[in-house]
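Right, one structure below, let's go through it.
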Amino acid sequence: MRYVVVKEMTYKKKSLIKKKEMMNKKVLLSTLVLTMLLSTISFAQEVFNREILPIVTPEPQTYTELDVRNTTPPEPFNVTAPKDAPNVVIILIDDLGLGATTTFGGPINTPSMDKLASTGLRYNNFHTTALCSPTRMALKTGRNHHTTNTGSIMETATAYPGNTGSLPQSVSPLAEMLRLNGYSTAAFGKWHETAAWETSVSGPFDRWPTKQGFDKFYGFIGGETDQWAPLIYDGLKKVNPPKMEDYHFTTDMTNQAINWVKSQQSMTPDKPFFVYFATGAVHAPHHVSKEWSDKYKGQFDKGWDEIRKETVKKMKSIGMIPQNTNLAEKPEDIKDWDKLTDDERKLFARQAEVFAGFLEMTDYEIGRLLDAIDEIGEMDNTLVLFIAGDNGTSAEGGMVGMYNEMTYFNGVEEKVEDLLPLMDDWGNEGTFPHMAAGWAVAFDAPFKWTKQVASDFGGTRTGMIAHYPKGIKEKNGIRTQFSHVIDIAPTVLEVAGLPEPKIVNGVPQTPIEGTSMTYTFNDADAAERHTIQYFEMFGNRAIYNNGWFARTIHRAPWENTNLPALESDVWDLYYVREDFSLTNNLASKYPERLKEMQDLFMWQAEIYHVLPIDDRTIERTNAAIAGRPDIMAGRTSLTLYEGMEGMMENTFINIKNRSFTITSDLEIPAAGAKGVVLCQGGRFGGWAFTLNEGKPEFTYNFLGLERYVIAGSDKLAEGAYVVKVDFAYDGNGNGKGGTATIYVNDEKVGEGRVEQTQPNLFSADETADVGLDNQTPVALGVGYGPTETKFTGKIDKIVVEIK
């Protein structure tokens, strides 16, 4: 065995040099802006300085002629894309590992991916950051996720550089670069790139999709959504899903994307388009109809251990992994399939069937989009970069899976005996499900770990397909060079014939940190160009350098408490060019090399703002603990009015783990009133104050498992009322119960117990709404959706106070 050690200059010296170079670049850019701007002024439209965006409009010609009829009109100035610049489509599937799809050797049918790969290239050494928001930010900017201030997801941002959740103006996204160079741009599906405190009506909207380079956006802003009842934005406006039979968001977003592409090409056939198509699938909730999930009946009865073995065998047979690849051992917490009970095997197999159906349905919808592009004759002139996973498959379903994913975020453990009766409904609109972690390990084969584990390829290495008939000669090829999601943006720029911009919207830019992958398009044996890459997520950290990989596993995805000290973490060392799946630890054999790699990580961690490392997870969802901005910080009351709806949890007053009151000034018409006065959350957790058959009613919905209902004794007749709900929290910790009392004009009309409350989160996508319940119902008996639940009286104002 031969190991190549590449000697680098002293890391400290390189760090100082890099910092000095960056400072010099910014000073140079600032002092030469005027000169560069002047150099762009030209009446020859084809002469553009594309390093400064937007491209500067030439000074208008002056005239001495009095009569316009005696002149020749000047040629209009229009910014157009470079000649022969292709359309660009980036497809991103959520939470999908390398070992899941048939395209890369897995058990789940993905015919659309298979078809695309058969006339393109598959990359088996492509990497992500191991988590949603960070991967998306890195993809859209070409910079490392800490450079974009996205050290973790938006909801766990902190006060520290590299983790603030606020994309700097010096890091412009690819979509803006393309838009300012003559492309039409559109994004569909999942976003998850807007700071949590910037999602209210007050904005700012700088980091929403339509201010990040996209002319069109149709999708959801957060990390996940109910596929049957999604929270959708069209641009900046919240919209209700269209009425259609068997509605599913993945179908809806595909319809929107197809309509936009066809319309754009119909109106401006000479203008290239950029489509970012990011599905909510296959992130939880795993929502899919039985039409799709039942296709896999019985196919996972053999269990995750056998599926892993079969996947590795298939991967080798199609050349996706080297023949000497070993199947990494499972994490100790994952039980052997043959040691499970019959009930466990029955439940877990059904969970995998639903996940597989969800993925195949998603593949079908992606196929519809690609077919539409082909139908209008644009497929040959379109660069498609298909990323089959923004990270590995998710193990956040815990050891037994979940009927309601919100239980995970609230520290409630679901049990097999409780889940068995729900099996037949798994995946339908009455569930918000996730699968057992053993399946995540299986679908991340041949690796050991999963999503969140940035120091294992099971968390970071996902399948990628490049398809570009005009620029890629080989069909059904495989590429093995190390690559990373930060390589996507520079690849697109190079294929489009565009330079990396130095100034965007007046702001000098941080240089792109990725490496274009075009050098691999027509040379399978090309020497690797992306040679150094750090990884870090919630304390799991690693460094890649010229075939060497050093890493430490700090925590499992299902571990959130009692974590070891960061200083005590043990590091491993691998030579991945001969050890694809990280099974041969060379740390004891090459201790000096390991030390060099650890030093290299610390250098990278310093210059890219990875330090200090923060391994906290759920507790960081609390803005006060995390230290990030919170528009409700310090507030003890919030006054609400009719029309205020779609308020996301991070921008609404936090009533959890404390006493609170809801005081409503209502006017009841002669016919009486019904509907929702105020609610937060939905079917899978939340609370609501309603008039049910005219009677005031307070419902606390604990994770969809139990609804506590406290009702007034009499209907409200015509007139004006002050109706108050007073919730007295028991105290002594989080998630405790309390007593709810209802008053009408200061007279007590109802009282009852709420035995337990949700300590951390009501919902990832359901909102707080005045006068209606936008999505799934918190309370029963008042209808479903914004029309049926609309309050039929008048709401003058509502005041929510916390104590």
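Please note that chains go A, B, ... in the order of the structure tokens, that every chain numbers its residues from 1, and that ligands are numbered from 1 in the order shown.
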What parts of stretch 400-432 of chain A does DSSP call helix (DSSP H, G or I)? I'd like the answer as a CSV table (one decimal) with C-alpha atoms, in the first residue's frame.
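Wrote it out as states_17.csv, contents follow:
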```csv
chain,number,residue,atom,x,y,z
A,406,MET,CA,-42.7,16.9,16.4
A,407,THR,CA,-42.3,14.4,19.3
A,408,TYR,CA,-38.5,14.4,18.5
A,409,PHE,CA,-38.2,18.1,19.0
A,416,VAL,CA,-43.8,0.5,19.1
A,417,GLU,CA,-47.0,-0.6,20.8
A,418,ASP,CA,-48.5,2.9,20.2
A,419,LEU,CA,-47.4,3.0,16.6
A,420,LEU,CA,-48.6,-0.4,15.5
A,421,PRO,CA,-52.3,0.6,15.2
A,422,LEU,CA,-51.3,3.5,12.9
A,423,MET,CA,-49.4,1.4,10.4
A,424,ASP,CA,-52.1,1.3,7.8
A,425,ASP,CA,-52.4,5.0,7.8
```
Between atom CA of A:Asp114 and atom CA of A:Thr101, measure the distance and give it in Å to one decimal.
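So the two atoms, atom CA of A:Asp114 and atom CA of A:Thr101, lie 8.9 Å apart.
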Which residues of stretch 320-383 of chain A sit at most 12 Å from stretch 492-496 of chain A, using only C-alpha atoms? Give each one's shortest atom pair and distance in Å (one decimal place), in chain and ascending residue order, as CSV.
```
residue,atom,partner,partner_atom,distance
A:Asn381,CA,A:Ala496,CA,11.0
A:Thr382,CA,A:Val495,CA,10.4
A:Leu383,CA,A:Val492,CA,8.1
```
Neighbouring residues of A:Gly427 were defined as those with any atom within 8 Å, considering only C-alpha atoms; residues of the same chain fewer than 4 positions away were excluded. Please report them as a PDB file with all heavy atoms, in the first residue's frame.
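As a result, part.pdb now contains:
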```
ATOM      1  N   PRO A 285     -42.103  15.270   6.963  1.00  0.00           N
ATOM      2  CA  PRO A 285     -42.919  14.059   7.081  1.00  0.00           C
ATOM      3  C   PRO A 285     -42.932  13.253   5.777  1.00  0.00           C
ATOM      4  O   PRO A 285     -43.004  13.823   4.690  1.00  0.00           O
ATOM      5  CB  PRO A 285     -44.306  14.616   7.401  1.00  0.00           C
ATOM      6  CG  PRO A 285     -44.336  15.955   6.734  1.00  0.00           C
ATOM      7  CD  PRO A 285     -42.942  16.495   6.899  1.00  0.00           C
ATOM      8  N   HIS A 286     -42.872  11.933   5.924  1.00  0.00           N
ATOM      9  CA  HIS A 286     -42.887  11.042   4.762  1.00  0.00           C
ATOM     10  C   HIS A 286     -44.337  10.855   4.318  1.00  0.00           C
ATOM     11  O   HIS A 286     -45.021   9.921   4.730  1.00  0.00           O
ATOM     12  CB  HIS A 286     -42.239   9.698   5.114  1.00  0.00           C
ATOM     13  CG  HIS A 286     -40.803   9.823   5.514  1.00  0.00           C
ATOM     14  ND1 HIS A 286     -40.134   8.872   6.251  1.00  0.00           N
ATOM     15  CD2 HIS A 286     -39.896  10.812   5.288  1.00  0.00           C
ATOM     16  CE1 HIS A 286     -38.884   9.269   6.461  1.00  0.00           C
ATOM     17  NE2 HIS A 286     -38.726  10.444   5.882  1.00  0.00           N
ATOM     18  N   HIS A 287     -44.790  11.755   3.471  1.00  0.00           N
ATOM     19  CA  HIS A 287     -46.178  11.790   3.026  1.00  0.00           C
ATOM     20  C   HIS A 287     -46.287  11.272   1.603  1.00  0.00           C
ATOM     21  O   HIS A 287     -45.699  11.846   0.676  1.00  0.00           O
ATOM     22  CB  HIS A 287     -46.717  13.220   3.088  1.00  0.00           C
ATOM     23  CG  HIS A 287     -47.148  13.645   4.448  1.00  0.00           C
ATOM     24  ND1 HIS A 287     -47.240  14.975   4.836  1.00  0.00           N
ATOM     25  CD2 HIS A 287     -47.528  12.923   5.534  1.00  0.00           C
ATOM     26  CE1 HIS A 287     -47.665  15.043   6.090  1.00  0.00           C
ATOM     27  NE2 HIS A 287     -47.834  13.818   6.532  1.00  0.00           N
ATOM     28  N   VAL A 288     -47.052  10.228   1.424  1.00  0.00           N
ATOM     29  CA  VAL A 288     -47.262   9.696   0.084  1.00  0.00           C
ATOM     30  C   VAL A 288     -48.502   8.818   0.111  1.00  0.00           C
ATOM     31  O   VAL A 288     -48.854   8.246   1.149  1.00  0.00           O
ATOM     32  CB  VAL A 288     -46.035   8.887  -0.394  1.00  0.00           C
ATOM     33  CG1 VAL A 288     -45.897   7.572   0.362  1.00  0.00           C
ATOM     34  CG2 VAL A 288     -46.049   8.659  -1.893  1.00  0.00           C
ATOM     35  N   SER A 289     -49.178   8.706  -1.019  1.00  0.00           N
ATOM     36  CA  SER A 289     -50.383   7.878  -1.091  1.00  0.00           C
ATOM     37  C   SER A 289     -50.008   6.402  -1.135  1.00  0.00           C
ATOM     38  O   SER A 289     -48.886   6.027  -1.490  1.00  0.00           O
ATOM     39  CB  SER A 289     -51.197   8.238  -2.334  1.00  0.00           C
ATOM     40  OG  SER A 289     -50.497   7.844  -3.506  1.00  0.00           O
ATOM     41  N   VAL A 354     -43.085   3.160   2.951  1.00  0.00           N
ATOM     42  CA  VAL A 354     -43.602   4.516   2.748  1.00  0.00           C
ATOM     43  C   VAL A 354     -42.489   5.447   2.272  1.00  0.00           C
ATOM     44  O   VAL A 354     -42.680   6.243   1.346  1.00  0.00           O
ATOM     45  CB  VAL A 354     -44.245   5.039   4.051  1.00  0.00           C
ATOM     46  CG1 VAL A 354     -44.567   6.530   3.933  1.00  0.00           C
ATOM     47  CG2 VAL A 354     -45.508   4.248   4.371  1.00  0.00           C
ATOM     48  N   THR A 431     -50.992  11.549   9.543  1.00  0.00           N
ATOM     49  CA  THR A 431     -49.700  11.275  10.178  1.00  0.00           C
ATOM     50  C   THR A 431     -48.683  12.326   9.757  1.00  0.00           C
ATOM     51  O   THR A 431     -48.847  13.005   8.740  1.00  0.00           O
ATOM     52  CB  THR A 431     -49.172   9.876   9.793  1.00  0.00           C
ATOM     53  OG1 THR A 431     -48.874   9.847   8.387  1.00  0.00           O
ATOM     54  CG2 THR A 431     -50.200   8.795  10.102  1.00  0.00           C
ATOM     55  N   PHE A 432     -47.632  12.430  10.539  1.00  0.00           N
ATOM     56  CA  PHE A 432     -46.518  13.337  10.239  1.00  0.00           C
ATOM     57  C   PHE A 432     -45.236  12.532  10.486  1.00  0.00           C
ATOM     58  O   PHE A 432     -44.450  12.826  11.377  1.00  0.00           O
ATOM     59  CB  PHE A 432     -46.589  14.559  11.165  1.00  0.00           C
ATOM     60  CG  PHE A 432     -45.950  15.794  10.614  1.00  0.00           C
ATOM     61  CD1 PHE A 432     -46.647  16.641   9.774  1.00  0.00           C
ATOM     62  CD2 PHE A 432     -44.645  16.128  10.947  1.00  0.00           C
ATOM     63  CE1 PHE A 432     -46.059  17.801   9.276  1.00  0.00           C
ATOM     64  CE2 PHE A 432     -44.048  17.283  10.459  1.00  0.00           C
ATOM     65  CZ  PHE A 432     -44.763  18.115   9.615  1.00  0.00           C
ATOM     66  N   PRO A 433     -45.020  11.469   9.686  1.00  0.00           N
ATOM     67  CA  PRO A 433     -44.145  10.379  10.125  1.00  0.00           C
ATOM     68  C   PRO A 433     -42.679  10.487   9.715  1.00  0.00           C
ATOM     69  O   PRO A 433     -42.295  11.183   8.776  1.00  0.00           O
ATOM     70  CB  PRO A 433     -44.788   9.168   9.462  1.00  0.00           C
ATOM     71  CG  PRO A 433     -45.343   9.713   8.182  1.00  0.00           C
ATOM     72  CD  PRO A 433     -45.772  11.132   8.481  1.00  0.00           C
TER      73      PRO A 433
END
```
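Checking A:Phe355, A:Phe538, A:Tyr247, A:Trp260 one by one against A:Leu563, counting only C-alpha atoms, you find the shortest gap at A:Phe538.
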Which polymer residues have any atom within 7 Å of an atom of A:Ile653, counting only C-alpha atoms, with same-chain residues fewer than 2 positions away left out, as a ChimeraX atom specification?
/A:632,638,651,655
Spatial neighbours of A:Phe214, max dist 6 Å, only C-alpha atoms, sep filter under 4 positions, as an NGL selection string
:A and (185-186 or 209-210)
Between atom CA of A:Ala605 and atom CA of A:Ala159 lies a distance of 16.9 Å
As a list in words, please: the residues near A:Ser118 (cut-off 9 Å, only C-alpha atoms, same-chain neighbours under 4 positions excluded).
Met113, Asp114, Arg122, Lys475, Asn476 and Gly477 of chain A
For a test of reading the model, state the distance in Å between atom CA of A:Ile798 and atom CA of A:Ile662, rounded to one decimal.
6.9 Å
Contacts of stretch 192-202 of chain A within 6 Å, only C-alpha atoms, excl. fewer than 2 positions in-chain, as a list in words:
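Answer for this query is Ser133, Met154, Glu155, Gly165, Pro204, Arg207, Trp208, Ile221, Gly222, Gly223, Asp630, Asn650 and Thr651 of chain A.
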Expected file: the selected residues, N, CA, C and O atoms, as an mmCIF file, in the first residue's frame:
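Result file out.cif:
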```cif
data_model
loop_
_atom_site.group_PDB
_atom_site.id
_atom_site.type_symbol
_atom_site.label_atom_id
_atom_site.label_comp_id
_atom_site.auth_asym_id
_atom_site.auth_seq_id
_atom_site.Cartn_x
_atom_site.Cartn_y
_atom_site.Cartn_z
ATOM 1 N N SER A 133 -29.873 23.522 5.685
ATOM 2 C CA SER A 133 -29.553 24.923 5.368
ATOM 3 C C SER A 133 -28.102 25.126 4.952
ATOM 4 O O SER A 133 -27.831 25.833 3.975
ATOM 5 N N MET A 154 -31.113 27.294 10.085
ATOM 6 C CA MET A 154 -31.504 28.652 10.439
ATOM 7 C C MET A 154 -32.047 28.754 11.858
ATOM 8 O O MET A 154 -31.825 29.734 12.561
ATOM 9 N N GLU A 155 -32.778 27.710 12.270
ATOM 10 C CA GLU A 155 -33.444 27.744 13.564
ATOM 11 C C GLU A 155 -32.498 27.554 14.738
ATOM 12 O O GLU A 155 -32.914 27.674 15.899
ATOM 13 N N GLY A 165 -26.653 32.992 10.736
ATOM 14 C CA GLY A 165 -27.839 32.791 9.919
ATOM 15 C C GLY A 165 -28.104 33.902 8.924
ATOM 16 O O GLY A 165 -29.089 33.843 8.187
ATOM 17 N N PRO A 204 -36.715 42.070 7.428
ATOM 18 C CA PRO A 204 -36.465 42.473 6.034
ATOM 19 C C PRO A 204 -36.523 41.273 5.098
ATOM 20 O O PRO A 204 -36.373 40.134 5.525
ATOM 21 N N ARG A 207 -33.203 38.398 2.315
ATOM 22 C CA ARG A 207 -32.751 37.011 2.208
ATOM 23 C C ARG A 207 -33.889 36.053 1.864
ATOM 24 O O ARG A 207 -33.773 34.851 2.065
ATOM 25 N N TRP A 208 -34.990 36.601 1.364
ATOM 26 C CA TRP A 208 -36.044 35.765 0.788
ATOM 27 C C TRP A 208 -35.674 35.475 -0.669
ATOM 28 O O TRP A 208 -34.875 36.189 -1.280
ATOM 29 N N ILE A 221 -40.773 28.314 2.996
ATOM 30 C CA ILE A 221 -39.594 29.039 3.464
ATOM 31 C C ILE A 221 -38.785 28.236 4.475
ATOM 32 O O ILE A 221 -37.569 28.352 4.550
ATOM 33 N N GLY A 222 -39.441 27.415 5.278
ATOM 34 C CA GLY A 222 -38.765 26.711 6.370
ATOM 35 C C GLY A 222 -38.112 25.413 5.955
ATOM 36 O O GLY A 222 -37.870 25.149 4.778
ATOM 37 N N GLY A 223 -37.865 24.556 6.967
ATOM 38 C CA GLY A 223 -37.109 23.333 6.749
ATOM 39 C C GLY A 223 -37.928 22.145 6.297
ATOM 40 O O GLY A 223 -37.393 21.176 5.766
ATOM 41 N N ASP A 630 -34.231 38.182 18.006
ATOM 42 C CA ASP A 630 -35.582 37.677 18.217
ATOM 43 C C ASP A 630 -36.495 38.894 18.293
ATOM 44 O O ASP A 630 -36.360 39.728 19.188
ATOM 45 N N ASN A 650 -41.162 31.331 15.054
ATOM 46 C CA ASN A 650 -40.006 32.112 15.490
ATOM 47 C C ASN A 650 -40.269 33.613 15.524
ATOM 48 O O ASN A 650 -39.427 34.374 16.000
ATOM 49 N N THR A 651 -41.427 34.043 15.010
ATOM 50 C CA THR A 651 -41.746 35.471 15.037
ATOM 51 C C THR A 651 -43.032 35.738 15.821
ATOM 52 O O THR A 651 -43.633 36.803 15.687
#
```
